[in-house]
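Q: Structure provided below as structure tokens; questions to follow.
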Number of protein chains: 2
Amino acid sequence: MTYNVQIKVMPLKDLLDPQGKAILGGLNNLGINTIQDVRVGKHITLQIDAASEEEARKAADEASKKLLANPVMEFYEIEFVN
Amino acid sequence: MTYNVQIKVMPLKDLLDPQGKAILGGLNNLGINTIQDVRVGKHITLQIDAASEEEARKAADEASKKLLANPVMEFYEIEFVN
């Protein structure tokens, strides 16, 4: 079966996010002042062939740990959509 | 009130996603062969000060249109989390 998996990779909460700060500055320059904080990460969608949801989750977890996220600076969340 | 808003910005479905293709190649090199397709976009979280959810959605929509997403190549989805 094919599972659609979404992985969110975001900078750790304790770390500065310079890209987010830059976007916040850009928004202020555009006159949008109601936005107080911006953080930017990656959104990755995977299509996984697996026998069960558990197996698919294991593949997504392995991919996140080995390639998609840098645990020193980022955390990730895996979500199934169908 | 402060609203936490998540915006997902992804490449349009009809377009090639070279970054996703590169990740797919990397995953195969790592021996992860169950993953068939990868697409990569941005995940942006905003903190918005607004009187109502409708007002917050308007601000998020404006920010997406003007700065966060390029409608020629990307679509976006806004989601509220609380």
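Going by the structure tokens order, chains are called A, B, ..., each with residues numbered from 1, while ligands are numbered from 1 in the order shown.
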Report as a compact mmCIF listing (two decimals) with N, CA and C atoms, in the first residue's frame the set of chain A residues whose atoms approach chain B to within 9 Å, with distances computed over only C-alpha atoms.
A:
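Listed below is the output, iface_11.txt:
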```
# COMPACT_ATOMS: atom_id res chain seq x y z
N THR A 2 0.35 2.31 -0.58
CA THR A 2 1.11 3.56 -0.63
C THR A 2 0.58 4.53 0.43
N LYS A 8 7.42 17.60 8.87
CA LYS A 8 7.69 19.01 9.14
C LYS A 8 9.04 19.06 9.82
N VAL A 9 9.98 19.81 9.28
CA VAL A 9 11.30 19.97 9.89
C VAL A 9 11.47 21.43 10.25
N MET A 10 11.57 21.71 11.56
CA MET A 10 11.64 23.11 12.00
C MET A 10 12.89 23.34 12.85
N GLY A 20 13.60 33.38 9.40
CA GLY A 20 12.33 33.89 9.92
C GLY A 20 12.41 35.37 10.25
N ILE A 23 12.20 37.37 7.09
CA ILE A 23 10.82 37.44 6.58
C ILE A 23 10.00 38.43 7.40
N GLY A 26 10.77 41.79 6.24
CA GLY A 26 10.12 42.02 4.95
C GLY A 26 8.64 42.31 5.10
N LEU A 27 7.98 41.58 5.99
CA LEU A 27 6.54 41.81 6.22
C LEU A 27 6.31 43.21 6.78
N LEU A 30 6.42 45.71 4.18
CA LEU A 30 5.21 45.69 3.35
C LEU A 30 4.00 46.28 4.09
N ILE A 32 2.72 45.04 6.93
CA ILE A 32 1.97 44.04 7.70
C ILE A 32 2.59 43.98 9.10
N ASN A 33 1.92 44.61 10.06
CA ASN A 33 2.53 44.77 11.38
C ASN A 33 1.90 43.90 12.46
N THR A 34 0.88 43.13 12.09
CA THR A 34 0.22 42.32 13.11
C THR A 34 0.96 41.01 13.39
N ILE A 35 1.91 40.68 12.53
CA ILE A 35 2.63 39.42 12.71
C ILE A 35 3.84 39.65 13.61
N GLN A 36 3.90 38.88 14.70
CA GLN A 36 4.89 39.11 15.74
C GLN A 36 6.11 38.21 15.62
N ASP A 37 5.92 37.03 15.10
CA ASP A 37 7.03 36.09 15.06
C ASP A 37 6.90 35.18 13.85
N VAL A 38 8.01 34.88 13.23
CA VAL A 38 8.03 34.00 12.06
C VAL A 38 9.13 32.98 12.25
N ARG A 39 8.81 31.74 12.01
CA ARG A 39 9.85 30.70 11.96
C ARG A 39 9.67 29.90 10.68
N VAL A 40 10.78 29.54 10.08
CA VAL A 40 10.72 28.88 8.78
C VAL A 40 11.42 27.54 8.83
N GLY A 41 10.76 26.54 8.33
CA GLY A 41 11.38 25.22 8.23
C GLY A 41 11.02 24.59 6.90
N LYS A 42 11.18 23.28 6.84
CA LYS A 42 10.89 22.56 5.60
C LYS A 42 9.63 21.74 5.76
N HIS A 43 8.91 21.60 4.68
CA HIS A 43 7.76 20.71 4.66
C HIS A 43 8.02 19.69 3.56
N ILE A 44 8.07 18.43 3.93
CA ILE A 44 8.43 17.38 2.97
C ILE A 44 7.29 16.38 2.88
N THR A 45 6.85 16.08 1.67
CA THR A 45 5.84 15.03 1.51
C THR A 45 6.50 13.82 0.87
N LEU A 46 6.22 12.67 1.42
CA LEU A 46 6.78 11.41 0.92
C LEU A 46 5.65 10.48 0.49
N GLN A 47 5.90 9.70 -0.55
CA GLN A 47 5.03 8.57 -0.87
C GLN A 47 5.80 7.31 -0.56
N ILE A 48 5.27 6.53 0.37
CA ILE A 48 6.00 5.36 0.84
C ILE A 48 5.21 4.09 0.54
N ASP A 49 5.86 3.17 -0.10
CA ASP A 49 5.28 1.83 -0.30
C ASP A 49 5.60 0.98 0.91
N ALA A 50 4.60 0.52 1.62
CA ALA A 50 4.87 -0.29 2.80
C ALA A 50 3.68 -1.18 3.09
N ALA A 56 5.70 2.05 7.32
CA ALA A 56 5.87 3.33 6.63
C ALA A 56 6.45 4.37 7.59
N ALA A 59 10.12 3.86 8.00
CA ALA A 59 10.89 4.38 6.87
C ALA A 59 11.00 5.90 6.94
N ALA A 60 9.88 6.56 7.27
CA ALA A 60 9.88 8.02 7.35
C ALA A 60 10.82 8.49 8.46
N GLU A 62 13.42 6.85 9.67
CA GLU A 62 14.81 6.62 9.26
C GLU A 62 15.27 7.70 8.28
N ALA A 63 14.40 8.04 7.31
CA ALA A 63 14.75 9.08 6.34
C ALA A 63 15.00 10.42 7.05
N LYS A 66 18.34 10.21 9.06
CA LYS A 66 19.57 10.08 8.28
C LYS A 66 19.80 11.20 7.28
N LEU A 67 18.70 11.82 6.82
CA LEU A 67 18.91 12.77 5.73
C LEU A 67 18.14 14.08 5.87
N LEU A 68 16.89 14.00 6.33
CA LEU A 68 16.04 15.19 6.19
C LEU A 68 16.26 16.23 7.28
```
Q: Using all C-alpha atoms paired in order, least-squares fit chain B onto chain A and give me the moved copy as a CSV table (one decimal) with N, CA, C and O atoms, in the first residue's frame.
A:
```csv
chain,number,residue,atom,x,y,z
B,1,MET,N,0.8,-1.2,0.0
B,1,MET,CA,0.0,0.0,0.0
B,1,MET,C,0.9,1.3,0.0
B,1,MET,O,2.0,1.3,0.5
B,2,THR,N,0.3,2.3,-0.6
B,2,THR,CA,1.1,3.5,-0.6
B,2,THR,C,0.6,4.5,0.4
B,2,THR,O,-0.6,4.8,0.5
B,3,TYR,N,1.5,5.0,1.2
B,3,TYR,CA,1.1,5.9,2.3
B,3,TYR,C,1.7,7.3,1.9
B,3,TYR,O,2.8,7.5,1.5
B,4,ASN,N,0.8,8.3,2.2
B,4,ASN,CA,1.3,9.7,2.0
B,4,ASN,C,1.7,10.3,3.4
B,4,ASN,O,0.8,10.3,4.3
B,5,VAL,N,2.9,10.6,3.5
B,5,VAL,CA,3.4,11.1,4.8
B,5,VAL,C,4.0,12.5,4.6
B,5,VAL,O,4.6,12.9,3.6
B,6,GLN,N,3.6,13.3,5.6
B,6,GLN,CA,4.1,14.7,5.6
B,6,GLN,C,5.1,14.8,6.8
B,6,GLN,O,4.8,14.4,7.9
B,7,ILE,N,6.2,15.4,6.5
B,7,ILE,CA,7.2,15.6,7.5
B,7,ILE,C,7.5,17.1,7.7
B,7,ILE,O,7.8,17.8,6.6
B,8,LYS,N,7.4,17.6,8.9
B,8,LYS,CA,7.7,19.0,9.1
B,8,LYS,C,9.0,19.1,9.8
B,8,LYS,O,9.2,18.4,10.8
B,9,VAL,N,10.0,19.8,9.3
B,9,VAL,CA,11.3,20.0,9.9
B,9,VAL,C,11.5,21.4,10.2
B,9,VAL,O,11.5,22.3,9.4
B,10,MET,N,11.6,21.7,11.5
B,10,MET,CA,11.6,23.1,12.0
B,10,MET,C,12.9,23.4,12.8
B,10,MET,O,13.4,22.4,13.5
B,11,PRO,N,13.4,24.6,12.8
B,11,PRO,CA,14.5,24.9,13.7
B,11,PRO,C,14.1,24.7,15.2
B,11,PRO,O,12.9,25.1,15.5
B,12,LEU,N,15.0,24.2,16.0
B,12,LEU,CA,14.7,24.0,17.5
B,12,LEU,C,14.2,25.3,18.1
B,12,LEU,O,14.7,26.4,17.7
B,13,LYS,N,13.3,25.3,19.0
B,13,LYS,CA,12.6,26.5,19.6
B,13,LYS,C,13.6,27.4,20.3
B,13,LYS,O,13.4,28.6,20.3
B,14,ASP,N,14.7,26.8,20.8
B,14,ASP,CA,15.7,27.7,21.5
B,14,ASP,C,16.7,28.4,20.6
B,14,ASP,O,17.4,29.2,21.1
B,15,LEU,N,16.7,28.0,19.4
B,15,LEU,CA,17.6,28.6,18.4
B,15,LEU,C,17.0,29.8,17.7
B,15,LEU,O,15.9,29.9,17.4
B,16,LEU,N,17.9,30.7,17.4
B,16,LEU,CA,17.5,31.8,16.5
B,16,LEU,C,17.2,31.3,15.1
B,16,LEU,O,17.8,30.3,14.7
B,17,ASP,N,16.3,32.0,14.4
B,17,ASP,CA,16.0,31.6,13.1
B,17,ASP,C,16.1,32.8,12.2
B,17,ASP,O,15.2,33.6,12.0
B,18,PRO,N,17.3,33.0,11.6
B,18,PRO,CA,17.6,34.2,10.8
B,18,PRO,C,16.7,34.3,9.6
B,18,PRO,O,16.3,35.5,9.3
B,19,GLN,N,16.3,33.2,9.0
B,19,GLN,CA,15.4,33.3,7.8
B,19,GLN,C,14.1,33.8,8.2
B,19,GLN,O,13.5,34.7,7.6
B,20,GLY,N,13.6,33.4,9.4
B,20,GLY,CA,12.3,33.9,9.9
B,20,GLY,C,12.4,35.4,10.2
B,20,GLY,O,11.5,36.1,10.0
B,21,LYS,N,13.5,35.8,10.9
B,21,LYS,CA,13.7,37.2,11.2
B,21,LYS,C,13.7,38.0,9.9
B,21,LYS,O,13.1,39.1,9.9
B,22,ALA,N,14.3,37.5,8.9
B,22,ALA,CA,14.4,38.3,7.6
B,22,ALA,C,13.0,38.4,7.0
B,22,ALA,O,12.6,39.5,6.5
B,23,ILE,N,12.2,37.4,7.1
B,23,ILE,CA,10.8,37.4,6.6
B,23,ILE,C,10.0,38.4,7.4
B,23,ILE,O,9.2,39.2,6.9
B,24,LEU,N,10.2,38.4,8.7
B,24,LEU,CA,9.5,39.3,9.6
B,24,LEU,C,9.8,40.8,9.2
B,24,LEU,O,8.9,41.6,9.1
B,25,GLY,N,11.1,41.0,8.9
B,25,GLY,CA,11.5,42.4,8.5
B,25,GLY,C,10.8,42.7,7.2
B,25,GLY,O,10.3,43.9,7.0
B,26,GLY,N,10.8,41.8,6.2
B,26,GLY,CA,10.1,42.0,5.0
B,26,GLY,C,8.6,42.3,5.1
B,26,GLY,O,8.1,43.2,4.4
B,27,LEU,N,8.0,41.6,6.0
B,27,LEU,CA,6.6,41.8,6.2
B,27,LEU,C,6.3,43.2,6.8
B,27,LEU,O,5.4,43.9,6.4
B,28,ASN,N,7.2,43.6,7.7
B,28,ASN,CA,7.0,45.0,8.3
B,28,ASN,C,7.2,46.0,7.2
B,28,ASN,O,6.5,47.0,7.1
B,29,ASN,N,8.2,45.8,6.3
B,29,ASN,CA,8.4,46.7,5.2
B,29,ASN,C,7.2,46.8,4.3
B,29,ASN,O,6.9,47.8,3.7
B,30,LEU,N,6.4,45.7,4.2
B,30,LEU,CA,5.2,45.7,3.4
B,30,LEU,C,4.0,46.3,4.1
B,30,LEU,O,2.9,46.3,3.6
B,31,GLY,N,4.2,46.7,5.3
B,31,GLY,CA,3.1,47.3,6.1
B,31,GLY,C,2.3,46.3,6.9
B,31,GLY,O,1.2,46.6,7.4
B,32,ILE,N,2.7,45.0,6.9
B,32,ILE,CA,2.0,44.0,7.7
B,32,ILE,C,2.6,44.0,9.1
B,32,ILE,O,3.7,43.4,9.3
B,33,ASN,N,1.9,44.6,10.1
B,33,ASN,CA,2.5,44.8,11.4
B,33,ASN,C,1.9,43.9,12.5
B,33,ASN,O,2.3,43.9,13.6
B,34,THR,N,0.9,43.1,12.1
B,34,THR,CA,0.2,42.3,13.1
B,34,THR,C,1.0,41.0,13.4
B,34,THR,O,0.7,40.3,14.4
B,35,ILE,N,1.9,40.7,12.5
B,35,ILE,CA,2.6,39.4,12.7
B,35,ILE,C,3.8,39.6,13.6
B,35,ILE,O,4.6,40.5,13.4
B,36,GLN,N,3.9,38.9,14.7
B,36,GLN,CA,4.9,39.1,15.8
B,36,GLN,C,6.1,38.2,15.6
B,36,GLN,O,7.2,38.6,16.1
B,37,ASP,N,5.9,37.0,15.1
B,37,ASP,CA,7.0,36.1,15.1
B,37,ASP,C,6.9,35.2,13.9
B,37,ASP,O,5.8,34.8,13.5
B,38,VAL,N,8.0,34.9,13.2
B,38,VAL,CA,8.0,34.0,12.1
B,38,VAL,C,9.1,33.0,12.3
B,38,VAL,O,10.3,33.3,12.6
B,39,ARG,N,8.8,31.7,12.0
B,39,ARG,CA,9.9,30.7,12.0
B,39,ARG,C,9.7,29.9,10.7
B,39,ARG,O,8.5,29.6,10.3
B,40,VAL,N,10.8,29.5,10.1
B,40,VAL,CA,10.7,28.9,8.8
B,40,VAL,C,11.4,27.5,8.8
B,40,VAL,O,12.5,27.4,9.3
B,41,GLY,N,10.8,26.5,8.3
B,41,GLY,CA,11.4,25.2,8.2
B,41,GLY,C,11.0,24.6,6.9
B,41,GLY,O,10.6,25.3,6.0
B,42,LYS,N,11.2,23.3,6.8
B,42,LYS,CA,10.9,22.6,5.6
B,42,LYS,C,9.6,21.7,5.8
B,42,LYS,O,9.3,21.2,6.8
B,43,HIS,N,8.9,21.6,4.7
B,43,HIS,CA,7.8,20.7,4.7
B,43,HIS,C,8.0,19.7,3.6
B,43,HIS,O,8.2,20.1,2.4
B,44,ILE,N,8.1,18.4,3.9
B,44,ILE,CA,8.4,17.4,3.0
B,44,ILE,C,7.3,16.4,2.9
B,44,ILE,O,6.8,15.9,3.9
B,45,THR,N,6.8,16.1,1.7
B,45,THR,CA,5.8,15.0,1.5
B,45,THR,C,6.5,13.8,0.9
B,45,THR,O,7.3,14.0,-0.1
B,46,LEU,N,6.2,12.7,1.4
B,46,LEU,CA,6.8,11.4,0.9
B,46,LEU,C,5.7,10.5,0.5
B,46,LEU,O,4.6,10.5,1.1
B,47,GLN,N,5.9,9.7,-0.6
B,47,GLN,CA,5.0,8.6,-0.9
B,47,GLN,C,5.8,7.3,-0.6
B,47,GLN,O,6.8,7.1,-1.2
B,48,ILE,N,5.3,6.5,0.4
B,48,ILE,CA,6.0,5.4,0.8
B,48,ILE,C,5.2,4.1,0.5
B,48,ILE,O,4.0,4.0,0.9
B,49,ASP,N,5.9,3.1,-0.1
B,49,ASP,CA,5.3,1.8,-0.3
B,49,ASP,C,5.6,1.0,0.9
B,49,ASP,O,6.8,0.7,1.2
B,50,ALA,N,4.6,0.5,1.6
B,50,ALA,CA,4.9,-0.3,2.8
B,50,ALA,C,3.7,-1.2,3.1
B,50,ALA,O,2.6,-0.9,2.6
B,51,ALA,N,3.9,-2.3,3.8
B,51,ALA,CA,2.9,-3.2,4.1
B,51,ALA,C,1.9,-2.7,5.2
B,51,ALA,O,0.8,-3.1,5.2
B,52,SER,N,2.5,-1.9,6.1
B,52,SER,CA,1.6,-1.4,7.2
B,52,SER,C,2.0,0.1,7.5
B,52,SER,O,3.1,0.5,7.1
B,53,GLU,N,1.1,0.8,8.2
B,53,GLU,CA,1.4,2.1,8.6
B,53,GLU,C,2.7,2.2,9.5
B,53,GLU,O,3.5,3.1,9.4
B,54,GLU,N,2.8,1.1,10.3
B,54,GLU,CA,4.0,1.1,11.2
B,54,GLU,C,5.3,1.0,10.4
B,54,GLU,O,6.3,1.7,10.7
B,55,GLU,N,5.3,0.2,9.4
B,55,GLU,CA,6.5,0.1,8.5
B,55,GLU,C,6.8,1.4,7.8
B,55,GLU,O,7.9,1.8,7.7
B,56,ALA,N,5.7,2.1,7.3
B,56,ALA,CA,5.9,3.3,6.6
B,56,ALA,C,6.4,4.4,7.6
B,56,ALA,O,7.3,5.2,7.3
B,57,ARG,N,5.9,4.3,8.9
B,57,ARG,CA,6.4,5.3,9.8
B,57,ARG,C,7.9,5.1,10.1
B,57,ARG,O,8.7,6.0,10.3
B,58,LYS,N,8.3,3.8,10.1
B,58,LYS,CA,9.7,3.5,10.4
B,58,LYS,C,10.6,4.0,9.3
B,58,LYS,O,11.6,4.6,9.5
B,59,ALA,N,10.1,3.9,8.0
B,59,ALA,CA,10.9,4.4,6.9
B,59,ALA,C,11.0,5.9,6.9
B,59,ALA,O,12.1,6.5,6.7
B,60,ALA,N,9.9,6.6,7.3
B,60,ALA,CA,9.9,8.0,7.4
B,60,ALA,C,10.8,8.5,8.5
B,60,ALA,O,11.6,9.5,8.3
B,61,ASP,N,10.8,7.8,9.6
B,61,ASP,CA,11.6,8.1,10.7
B,61,ASP,C,13.1,8.0,10.4
B,61,ASP,O,13.9,8.8,10.7
B,62,GLU,N,13.4,6.9,9.7
B,62,GLU,CA,14.8,6.6,9.3
B,62,GLU,C,15.3,7.7,8.3
B,62,GLU,O,16.4,8.2,8.4
B,63,ALA,N,14.4,8.0,7.3
B,63,ALA,CA,14.8,9.1,6.4
B,63,ALA,C,15.0,10.4,7.1
B,63,ALA,O,15.9,11.1,6.7
B,64,SER,N,14.1,10.7,8.0
B,64,SER,CA,14.3,12.0,8.8
B,64,SER,C,15.6,12.0,9.5
B,64,SER,O,16.3,13.0,9.5
B,65,LYS,N,15.9,10.9,10.2
B,65,LYS,CA,17.1,10.9,11.0
B,65,LYS,C,18.3,11.0,10.2
B,65,LYS,O,19.3,11.6,10.5
B,66,LYS,N,18.3,10.2,9.1
B,66,LYS,CA,19.6,10.1,8.3
B,66,LYS,C,19.8,11.2,7.3
B,66,LYS,O,20.9,11.5,6.9
B,67,LEU,N,18.7,11.8,6.8
B,67,LEU,CA,18.9,12.8,5.7
B,67,LEU,C,18.1,14.1,5.9
B,67,LEU,O,18.7,15.2,5.6
B,68,LEU,N,16.9,14.0,6.3
B,68,LEU,CA,16.0,15.2,6.2
B,68,LEU,C,16.2,16.2,7.3
B,68,LEU,O,16.2,17.4,7.0
B,69,ALA,N,16.5,15.8,8.5
B,69,ALA,CA,16.6,16.7,9.6
B,69,ALA,C,18.0,16.6,10.2
B,69,ALA,O,18.6,15.6,10.3
B,70,ASN,N,18.5,17.8,10.7
B,70,ASN,CA,19.8,17.8,11.4
B,70,ASN,C,19.4,18.0,12.9
B,70,ASN,O,19.0,19.1,13.3
B,71,PRO,N,19.6,16.9,13.7
B,71,PRO,CA,19.1,17.0,15.1
B,71,PRO,C,19.8,18.0,16.0
B,71,PRO,O,19.2,18.4,17.0
B,72,VAL,N,20.9,18.5,15.6
B,72,VAL,CA,21.6,19.5,16.3
B,72,VAL,C,20.8,20.8,16.3
B,72,VAL,O,20.8,21.6,17.2
B,73,MET,N,20.2,21.1,15.1
B,73,MET,CA,19.5,22.4,14.9
B,73,MET,C,18.0,22.2,14.7
B,73,MET,O,17.3,23.3,14.7
B,74,GLU,N,17.5,21.1,14.4
B,74,GLU,CA,16.1,20.9,13.9
B,74,GLU,C,15.4,19.8,14.6
B,74,GLU,O,16.0,18.8,15.1
B,75,PHE,N,14.1,19.9,14.7
B,75,PHE,CA,13.3,18.8,15.1
B,75,PHE,C,12.3,18.5,14.0
B,75,PHE,O,12.1,19.3,13.1
B,76,TYR,N,11.7,17.3,14.0
B,76,TYR,CA,10.8,16.9,13.0
B,76,TYR,C,9.6,16.2,13.5
B,76,TYR,O,9.6,15.7,14.6
B,77,GLU,N,8.5,16.4,12.8
B,77,GLU,CA,7.2,15.7,13.1
B,77,GLU,C,6.7,15.0,11.9
B,77,GLU,O,6.7,15.5,10.8
B,78,ILE,N,6.3,13.8,12.1
B,78,ILE,CA,5.7,12.9,11.0
B,78,ILE,C,4.2,12.8,11.1
B,78,ILE,O,3.7,12.6,12.2
B,79,GLU,N,3.6,13.0,10.0
B,79,GLU,CA,2.1,13.0,10.0
B,79,GLU,C,1.6,12.2,8.8
B,79,GLU,O,2.1,12.4,7.7
B,80,PHE,N,0.6,11.3,9.0
B,80,PHE,CA,0.0,10.6,7.9
B,80,PHE,C,-1.2,11.3,7.4
B,80,PHE,O,-2.0,11.8,8.1
B,81,VAL,N,-1.3,11.4,6.1
B,81,VAL,CA,-2.5,11.9,5.4
B,81,VAL,C,-3.0,10.9,4.5
B,81,VAL,O,-2.3,10.2,3.8
B,82,ASN,N,-4.3,10.8,4.4
B,82,ASN,CA,-4.9,9.8,3.4
B,82,ASN,C,-6.1,10.3,2.7
B,82,ASN,O,-6.5,11.4,2.8
```
Q: Per DSSP on the backbone, filter chain B down to the residues in strand (DSSP E) and report them as a VMD selection string.
A: chain B and resid 2 to 11 35 to 49 74 to 81
Q: DSSP on the backbone: what in chain B comes out helix (DSSP H, G or I), as a PyMOL selection string?
A: chain B and resi 18-29+53-68
Q: Please, could you write that set of residues out with N, CA and C atoms as a PDB file, in the first residue's frame?
A:
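Output below, filename selection.pdb:
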```
ATOM      1  N   PRO B  18      13.125  19.663  -8.304  1.00  0.00           N
ATOM      2  CA  PRO B  18      14.499  19.134  -8.339  1.00  0.00           C
ATOM      3  C   PRO B  18      15.051  18.829  -6.944  1.00  0.00           C
ATOM      4  N   GLN B  19      14.661  19.628  -5.954  1.00  0.00           N
ATOM      5  CA  GLN B  19      15.150  19.383  -4.590  1.00  0.00           C
ATOM      6  C   GLN B  19      14.615  18.045  -4.067  1.00  0.00           C
ATOM      7  N   GLY B  20      13.343  17.789  -4.370  1.00  0.00           N
ATOM      8  CA  GLY B  20      12.760  16.509  -3.975  1.00  0.00           C
ATOM      9  C   GLY B  20      13.440  15.339  -4.676  1.00  0.00           C
ATOM     10  N   LYS B  21      13.710  15.514  -5.972  1.00  0.00           N
ATOM     11  CA  LYS B  21      14.393  14.463  -6.735  1.00  0.00           C
ATOM     12  C   LYS B  21      15.767  14.174  -6.132  1.00  0.00           C
ATOM     13  N   ALA B  22      16.479  15.240  -5.723  1.00  0.00           N
ATOM     14  CA  ALA B  22      17.808  15.065  -5.137  1.00  0.00           C
ATOM     15  C   ALA B  22      17.719  14.292  -3.826  1.00  0.00           C
ATOM     16  N   ILE B  23      16.711  14.614  -3.015  1.00  0.00           N
ATOM     17  CA  ILE B  23      16.529  13.901  -1.745  1.00  0.00           C
ATOM     18  C   ILE B  23      16.208  12.434  -2.006  1.00  0.00           C
ATOM     19  N   LEU B  24      15.356  12.189  -3.025  1.00  0.00           N
ATOM     20  CA  LEU B  24      15.009  10.811  -3.360  1.00  0.00           C
ATOM     21  C   LEU B  24      16.262  10.018  -3.737  1.00  0.00           C
ATOM     22  N   GLY B  25      17.153  10.659  -4.536  1.00  0.00           N
ATOM     23  CA  GLY B  25      18.418  10.011  -4.883  1.00  0.00           C
ATOM     24  C   GLY B  25      19.256   9.725  -3.652  1.00  0.00           C
ATOM     25  N   GLY B  26      19.303  10.683  -2.742  1.00  0.00           N
ATOM     26  CA  GLY B  26      20.066  10.496  -1.505  1.00  0.00           C
ATOM     27  C   GLY B  26      19.523   9.362  -0.663  1.00  0.00           C
ATOM     28  N   LEU B  27      18.194   9.272  -0.594  1.00  0.00           N
ATOM     29  CA  LEU B  27      17.572   8.196   0.183  1.00  0.00           C
ATOM     30  C   LEU B  27      17.904   6.834  -0.425  1.00  0.00           C
ATOM     31  N   ASN B  28      17.852   6.752  -1.753  1.00  0.00           N
ATOM     32  CA  ASN B  28      18.204   5.493  -2.410  1.00  0.00           C
ATOM     33  C   ASN B  28      19.648   5.115  -2.114  1.00  0.00           C
ATOM     34  N   ASN B  29      20.537   6.101  -2.150  1.00  0.00           N
ATOM     35  CA  ASN B  29      21.938   5.841  -1.823  1.00  0.00           C
ATOM     36  C   ASN B  29      22.113   5.335  -0.392  1.00  0.00           C
ATOM     37  N   GLU B  53     -10.220  35.417  14.453  1.00  0.00           N
ATOM     38  CA  GLU B  53      -9.540  34.457  13.598  1.00  0.00           C
ATOM     39  C   GLU B  53      -9.612  34.898  12.134  1.00  0.00           C
ATOM     40  N   GLU B  54     -10.737  35.521  11.793  1.00  0.00           N
ATOM     41  CA  GLU B  54     -10.909  35.980  10.411  1.00  0.00           C
ATOM     42  C   GLU B  54      -9.852  37.013  10.047  1.00  0.00           C
ATOM     43  N   GLU B  55      -9.605  37.935  10.996  1.00  0.00           N
ATOM     44  CA  GLU B  55      -8.601  38.979  10.765  1.00  0.00           C
ATOM     45  C   GLU B  55      -7.208  38.363  10.660  1.00  0.00           C
ATOM     46  N   ALA B  56      -6.950  37.383  11.507  1.00  0.00           N
ATOM     47  CA  ALA B  56      -5.644  36.713  11.475  1.00  0.00           C
ATOM     48  C   ALA B  56      -5.465  35.990  10.151  1.00  0.00           C
ATOM     49  N   ARG B  57      -6.553  35.358   9.672  1.00  0.00           N
ATOM     50  CA  ARG B  57      -6.461  34.636   8.398  1.00  0.00           C
ATOM     51  C   ARG B  57      -6.177  35.605   7.256  1.00  0.00           C
ATOM     52  N   LYS B  58      -6.800  36.791   7.353  1.00  0.00           N
ATOM     53  CA  LYS B  58      -6.574  37.792   6.317  1.00  0.00           C
ATOM     54  C   LYS B  58      -5.100  38.210   6.285  1.00  0.00           C
ATOM     55  N   ALA B  59      -4.515  38.414   7.476  1.00  0.00           N
ATOM     56  CA  ALA B  59      -3.114  38.813   7.541  1.00  0.00           C
ATOM     57  C   ALA B  59      -2.213  37.704   6.988  1.00  0.00           C
ATOM     58  N   ALA B  60      -2.521  36.459   7.334  1.00  0.00           N
ATOM     59  CA  ALA B  60      -1.703  35.335   6.865  1.00  0.00           C
ATOM     60  C   ALA B  60      -1.812  35.200   5.348  1.00  0.00           C
ATOM     61  N   ASP B  61      -3.025  35.421   4.848  1.00  0.00           N
ATOM     62  CA  ASP B  61      -3.252  35.329   3.408  1.00  0.00           C
ATOM     63  C   ASP B  61      -2.478  36.415   2.666  1.00  0.00           C
ATOM     64  N   GLU B  62      -2.527  37.625   3.223  1.00  0.00           N
ATOM     65  CA  GLU B  62      -1.812  38.745   2.604  1.00  0.00           C
ATOM     66  C   GLU B  62      -0.299  38.471   2.604  1.00  0.00           C
ATOM     67  N   ALA B  63       0.202  37.990   3.744  1.00  0.00           N
ATOM     68  CA  ALA B  63       1.635  37.686   3.851  1.00  0.00           C
ATOM     69  C   ALA B  63       2.034  36.613   2.840  1.00  0.00           C
ATOM     70  N   SER B  64       1.169  35.603   2.689  1.00  0.00           N
ATOM     71  CA  SER B  64       1.477  34.521   1.750  1.00  0.00           C
ATOM     72  C   SER B  64       1.535  35.041   0.332  1.00  0.00           C
ATOM     73  N   LYS B  65       0.516  35.829  -0.024  1.00  0.00           N
ATOM     74  CA  LYS B  65       0.431  36.340  -1.392  1.00  0.00           C
ATOM     75  C   LYS B  65       1.573  37.280  -1.716  1.00  0.00           C
ATOM     76  N   LYS B  66       1.923  38.153  -0.753  1.00  0.00           N
ATOM     77  CA  LYS B  66       2.882  39.215  -1.055  1.00  0.00           C
ATOM     78  C   LYS B  66       4.327  38.785  -0.883  1.00  0.00           C
ATOM     79  N   LEU B  67       4.567  37.796   0.008  1.00  0.00           N
ATOM     80  CA  LEU B  67       5.968  37.518   0.316  1.00  0.00           C
ATOM     81  C   LEU B  67       6.323  36.033   0.373  1.00  0.00           C
ATOM     82  N   LEU B  68       5.439  35.222   0.966  1.00  0.00           N
ATOM     83  CA  LEU B  68       5.878  33.862   1.306  1.00  0.00           C
ATOM     84  C   LEU B  68       5.827  32.887   0.135  1.00  0.00           C
TER      85      LEU B  68
END
```
